Amino acid sequence: MPPPLRKPVLHGAQAEFIDELWLVFRAADRPTTRAIAAHIRDGDFRGMPSHETIRRTLGGHAVPTQWTTVEAIFLALCEMGHTDPHYQPPEGYSHDDRTLYLRLRDAWNDALDAPPSQPPSQRATRLWPEEPPF
């Protein structure tokens with residue numbers, strides 16, 4: 001059995017995208033990527049991501065370029081966790097009055113438009129900053 005997915009530590013727009021997706025992942029009690037893929041395969045979704053695409057997305061390794069892929073993952077997780085994708089927080093509860101679905105779609109667009117997020121330890125550093133790059 002593969003180890004459980006852990007929420008990645010990211011920064012910027014990609015972190016916001018992952019935060020939105022992980023809300024429903026946790027509400028669904030962290031199903032395996034194969035269980036999510038099987039739920040999508042057995043359901044009626046516009047996208048058909050593989051379990052590997054789901055793993056890479058939830059793990060913060062990739063932001064799918066097709067909305068139908070993200071939508072399928074999100075809606076499958078909503079169904080598995082009995083979460084209404086069109087839930088809107090009550091007035092005064094949040095400064096954001098968008099539904100979960102719209103929040104995810106906006107975060108996905110922002111993540112696609114932003115440069116990829118890398119932890120500081122993985123960023124390229126030059127040993128001699130005064131020298132030009134080769």
# chains A, B, ... in the order shown; residues from 1 in each chain; ligands from 1
$ select_by_dssp --residues "chain A" --states "helix (DSSP H, G or I)" --output "PyMOL selection string"
chain A and resi 12-27+33-42+51-58+67-80+100-113+120-122
$ residues_around --residues "Val24 (chain A)" --least-positions-apart "2" --cutoff "6 Å" --atoms "only C-alpha atoms" --output "list of chain:residue names"
A:Leu21, A:Trp22, A:Arg26, A:Ala27, A:Leu77, A:Cys78
$ closest_residue --among "A:Tyr87, A:Trp67, A:Phe17, A:Phe25" --to "Ala107 (chain A)" --atoms "only C-alpha atoms"
A:Phe17
$ residues_around --residues "Pro3 (chain A)" --least-positions-apart "3" --cutoff "12 Å" --atoms "only C-alpha atoms" --output "PyMOL selection string"
chain A and resi 6+30-33+55
$ atom_distance --atom1 "CA of Ala72 (chain A)" --atom2 "CA of Pro49 (chain A)"
7.5 Å
$ residues_around --residues "region 37-47 of chain A" --least-positions-apart "6" --cutoff "12 Å" --atoms "only C-alpha atoms" --output "list in words"
Pro31, Thr53, Ile54, Arg55, Pro64, Thr65, Gln66, Trp67, Thr68, Thr69, Val70, Glu71, Ala72, Ile73, Phe74, Leu75, Ala76, Leu77, Cys78, Glu79, Met80 and Gly81 of chain A
$ write_last_selection --atoms "N, CA and C atoms" --output "short mmCIF file (atom, residue, chain, number, x, y, z; two decimals), in the first residue's frame"
data_model
loop_
_atom_site.label_atom_id
_atom_site.label_comp_id
_atom_site.auth_asym_id
_atom_site.auth_seq_id
_atom_site.Cartn_x
_atom_site.Cartn_y
_atom_site.Cartn_z
N PRO A 31 -9.17 9.77 0.39
CA PRO A 31 -9.19 8.51 -0.37
C PRO A 31 -7.90 8.34 -1.17
N THR A 53 -2.15 11.33 -12.47
CA THR A 53 -2.45 12.76 -12.60
C THR A 53 -3.05 13.28 -11.29
N ILE A 54 -3.92 12.50 -10.69
CA ILE A 54 -4.53 12.89 -9.42
C ILE A 54 -3.45 13.00 -8.34
N ARG A 55 -2.54 12.02 -8.30
CA ARG A 55 -1.46 12.03 -7.31
C ARG A 55 -0.56 13.26 -7.50
N PRO A 64 -2.85 20.80 -13.46
CA PRO A 64 -3.38 20.40 -14.76
C PRO A 64 -3.74 21.61 -15.62
N THR A 65 -3.48 21.50 -16.90
CA THR A 65 -3.76 22.61 -17.80
C THR A 65 -5.20 22.60 -18.32
N GLN A 66 -5.92 21.51 -18.10
CA GLN A 66 -7.30 21.42 -18.54
C GLN A 66 -8.23 21.52 -17.33
N TRP A 67 -9.20 22.43 -17.40
CA TRP A 67 -10.15 22.59 -16.30
C TRP A 67 -10.95 21.31 -16.08
N THR A 68 -11.28 20.59 -17.15
CA THR A 68 -12.08 19.38 -16.99
C THR A 68 -11.37 18.34 -16.11
N THR A 69 -10.05 18.33 -16.12
CA THR A 69 -9.29 17.41 -15.26
C THR A 69 -9.45 17.81 -13.81
N VAL A 70 -9.25 19.09 -13.52
CA VAL A 70 -9.39 19.59 -12.14
C VAL A 70 -10.83 19.43 -11.67
N GLU A 71 -11.76 19.76 -12.54
CA GLU A 71 -13.18 19.66 -12.19
C GLU A 71 -13.56 18.23 -11.83
N ALA A 72 -13.07 17.25 -12.59
CA ALA A 72 -13.39 15.85 -12.31
C ALA A 72 -12.85 15.43 -10.94
N ILE A 73 -11.62 15.81 -10.64
CA ILE A 73 -11.03 15.49 -9.34
C ILE A 73 -11.85 16.13 -8.23
N PHE A 74 -12.13 17.40 -8.39
CA PHE A 74 -12.87 18.16 -7.38
C PHE A 74 -14.28 17.58 -7.16
N LEU A 75 -15.02 17.37 -8.24
CA LEU A 75 -16.39 16.88 -8.10
C LEU A 75 -16.43 15.46 -7.54
N ALA A 76 -15.47 14.63 -7.93
CA ALA A 76 -15.40 13.28 -7.38
C ALA A 76 -15.15 13.35 -5.88
N LEU A 77 -14.22 14.20 -5.45
CA LEU A 77 -13.95 14.35 -4.02
C LEU A 77 -15.17 14.89 -3.28
N CYS A 78 -15.87 15.83 -3.90
CA CYS A 78 -17.09 16.35 -3.28
C CYS A 78 -18.11 15.24 -3.08
N GLU A 79 -18.31 14.40 -4.11
CA GLU A 79 -19.26 13.29 -3.99
C GLU A 79 -18.80 12.31 -2.91
N MET A 80 -17.52 11.99 -2.90
CA MET A 80 -17.00 11.01 -1.95
C MET A 80 -17.09 11.53 -0.51
N GLY A 81 -17.00 12.84 -0.34
CA GLY A 81 -17.06 13.43 0.99
C GLY A 81 -18.40 14.05 1.32
#
$ atom_distance --atom1 "CA of Val63 (chain A)" --atom2 "CA of Arg34 (chain A)"
18.6 Å
$ atom_distance --atom1 "CA of Gln88 (chain A)" --atom2 "CA of Ala62 (chain A)"
27.3 Å
$ closest_residue --among "A:Ala28, A:Ala13, A:Met48, A:Leu23" --to "Pro115 (chain A)" --atoms "only C-alpha atoms"
A:Ala13
$ closest_residue --among "A:Pro90, A:Pro85, A:Pro2, A:Gly60" --to "Glu16 (chain A)" --atoms "only C-alpha atoms"
A:Gly60
$ residues_around --residues "Pro8 (chain A)" --least-positions-apart "2" --cutoff "9 Å" --atoms "only C-alpha atoms" --output "ChimeraX atom specification"
/A:5-6,10,15,18,58-61
$ write_last_selection --atoms "N, CA and C atoms" --output "tab-separated table (two decimals), in the first residue's frame"
chain	number	residue	atom	x	y	z
A	5	LEU	N	-0.92	10.40	1.11
A	5	LEU	CA	-0.54	11.71	0.57
A	5	LEU	C	-0.43	12.70	1.71
A	6	ARG	N	0.54	13.55	1.63
A	6	ARG	CA	0.69	14.63	2.60
A	6	ARG	C	0.57	15.95	1.85
A	10	LEU	N	3.76	24.69	-0.24
A	10	LEU	CA	3.99	25.49	-1.44
A	10	LEU	C	3.80	26.96	-1.09
A	15	ALA	N	-0.09	27.35	-4.00
A	15	ALA	CA	-0.49	26.97	-2.63
A	15	ALA	C	-1.98	27.21	-2.43
A	18	ILE	N	-3.88	24.41	-4.18
A	18	ILE	CA	-3.80	23.16	-3.41
A	18	ILE	C	-4.66	23.25	-2.15
A	58	LEU	N	-2.65	16.50	-6.39
A	58	LEU	CA	-2.81	16.63	-4.94
A	58	LEU	C	-1.47	16.77	-4.22
A	59	GLY	N	-0.42	16.20	-4.81
A	59	GLY	CA	0.91	16.29	-4.21
A	59	GLY	C	1.62	17.60	-4.51
A	60	GLY	N	1.00	18.45	-5.32
A	60	GLY	CA	1.59	19.75	-5.63
A	60	GLY	C	2.69	19.69	-6.67
A	61	HIS	N	2.80	18.58	-7.41
A	61	HIS	CA	3.84	18.44	-8.42
A	61	HIS	C	3.43	19.01	-9.76
